[in-house]
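**Student:** Structure provided below as structure tokens; questions to follow.
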Amino acid sequence: MPHVIRARASKGPGKKLASKPVRRPVPRKQAKGLRTREAILARAVDIASAQGLEGLTVGSLAEQLGMSKSGLFAHFGSKEELQLATVEMARQVFIDNVTLPAISAPTGMPRLWSLIDHWLVLVEKRVFEGGCFFTAASFEFDGRRGVVRDRIAEIMHEWIRCIATSVQKAQEAGHLDPKLDAKRLAFEFHAIAIGAHWAHQLLEDRQAYSRARMTALERLRNVATPECPHLP
């Protein structure tokens, strides 16, 4: 991201000087370092989604990227730092592919359904090489302790709150039964999506995501009000 500095711009004789933001380009060396770091993390996310965060090794990652181990360690001082940075990169991928597109939908039921649908599409279309990064990471670290596990838990709480908030907004818009427990409905949708991931990955059920989509739609139709916009 470009640095922002403040410059003083004259407003004419007798006028006070006002601050005006001036963008300064990121130095070339720094920009190259950021690109290298992003390339490392993009590959790390794919490996971790398929093999787990513990499957990330400096040696194998450096070999795949054509880098030296020391060059990779220059960006991440330890395996734990690499794991944390990989989790943050996966979170940004999720935001870019699910949260931000869904926010563009009208508030209420359209936005709620967009969140759920984009989430299923993310996994179904293999945006993460191994499927759902955070489902895999959650199962891998749920019984552990430490900063990596804590950060994964924080992100999952954040996501469930996002769904629950969308449920509440749909209730406020008059699209959903106002007596519904928003947190419980968010829990149900999360369980549906994780169940689909499990069935697809372990049981090789190629209809798992379409079943999850239909199950979520049926649940929404059952609690929608007459004022609710049309659902797919």
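Each chain of the structure tokens is named A, B, ... in the order shown, its residues numbered from 1; ligands are numbered from 1 in display order.
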Would you write out, as CSV, a table of all residues in region 122-165 of chain A that have an atom no more than 9 Å from an atom of region 105-116 of chain A, listing for each the closest atom pair and the distance in Å to one decimal, considering only C-alpha atoms and ordering rows by chain and rising residue number?
**Tutor:**
```
residue,atom,partner,partner_atom,distance
A:Cys162,CA,A:Leu115,CA,9.0
A:Ile163,CA,A:Leu112,CA,7.1
A:Thr165,CA,A:Leu112,CA,9.0
```
**Student:** May I have the residues from that selection written out with C-alpha atoms, as a JSON list (two decimals), in the first residue's frame?
**Tutor:**
```json
[["chain", "number", "residue", "atom", "x", "y", "z"],
["A", 162, "CYS", "CA", -20.98, -12.02, 10.20],
["A", 163, "ILE", "CA", -23.67, -14.59, 9.34],
["A", 165, "THR", "CA", -25.50, -10.11, 11.82]]
```
**Student:** With only C-alpha atoms as the counted atoms, please give the residues lying no more than 7 Å from region 37-46 of chain A, apart from itself and same-chain residues fewer than 4 positions off, as a PyMOL selection string.
**Tutor:** chain A and resi 33+50+56+75+86+89-90+128-130
**Student:** Using only C-alpha atoms, which residues sit within 8 Å of region 197-202 of chain A once same-chain residues fewer than 5 positions away are excluded, as a PyMOL selection string?
**Tutor:** chain A and resi 123+131-132+135+207-209
**Student:** I need the residues from that last selection saved to file as a compact mmCIF listing (two decimals), in the first residue's frame (with N, CA, C and O atoms), if you can.
**Tutor:**
```
# COMPACT_ATOMS: atom_id res chain seq x y z
N VAL A 123 -15.72 -23.00 -1.93
CA VAL A 123 -15.21 -24.35 -1.69
C VAL A 123 -15.44 -25.24 -2.90
O VAL A 123 -14.56 -26.01 -3.31
N GLY A 131 -9.79 -27.38 -0.85
CA GLY A 131 -11.20 -27.25 -0.46
C GLY A 131 -11.39 -26.07 0.47
O GLY A 131 -11.01 -24.95 0.14
N CYS A 132 -11.96 -26.30 1.63
CA CYS A 132 -12.21 -25.23 2.59
C CYS A 132 -11.03 -25.12 3.55
O CYS A 132 -10.85 -25.97 4.43
N THR A 135 -12.09 -24.92 7.37
CA THR A 135 -12.63 -26.16 7.92
C THR A 135 -11.49 -27.12 8.23
O THR A 135 -11.43 -27.72 9.32
N GLN A 207 -22.28 -34.61 -4.95
CA GLN A 207 -23.53 -33.84 -4.83
C GLN A 207 -23.62 -33.10 -3.50
O GLN A 207 -24.64 -32.49 -3.19
N ALA A 208 -22.57 -33.16 -2.71
CA ALA A 208 -22.62 -32.62 -1.34
C ALA A 208 -22.95 -31.13 -1.33
O ALA A 208 -23.77 -30.67 -0.52
N TYR A 209 -22.33 -30.36 -2.22
CA TYR A 209 -22.54 -28.91 -2.19
C TYR A 209 -23.91 -28.52 -2.73
O TYR A 209 -24.53 -27.57 -2.24
```
**Student:** I'd like the contact shell of region 178-181 of chain A - 12 Å cut-off, only C-alpha atoms, skipping same-chain residues fewer than 6 positions apart - returned as a VMD selection string.
**Tutor:** chain A and resid 164 to 165 167 to 172 187 to 188 219 to 220 222 to 225
**Student:** Any chance you could list, as a PyMOL selection string, the residues in region 18-196 of chain A that come up strand (DSSP E) when DSSP is run on the backbone?
**Tutor:** chain A and resi 18-24
**Student:** For His175 (chain A), which of A:Ile192, A:Val121, A:Leu231, A:Ala153 is the closest residue, counting only C-alpha atoms?
**Tutor:** A:Leu231
**Student:** Using the chain letters and numbers from this document, which residues of chain A does DSSP assign to helix (DSSP H, G or I), as a PyMOL selection string?
**Tutor:** chain A and resi 28-51+53-55+58-65+69-73+79-103+109-124+133-141+147-172+182-202+208-223
**Student:** Figure out the distance between CA of Glu158 (chain A) and CA of Arg213 (chain A), please, to one decimal in Å.
**Tutor:**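 A separation of 21.9 Å between them.
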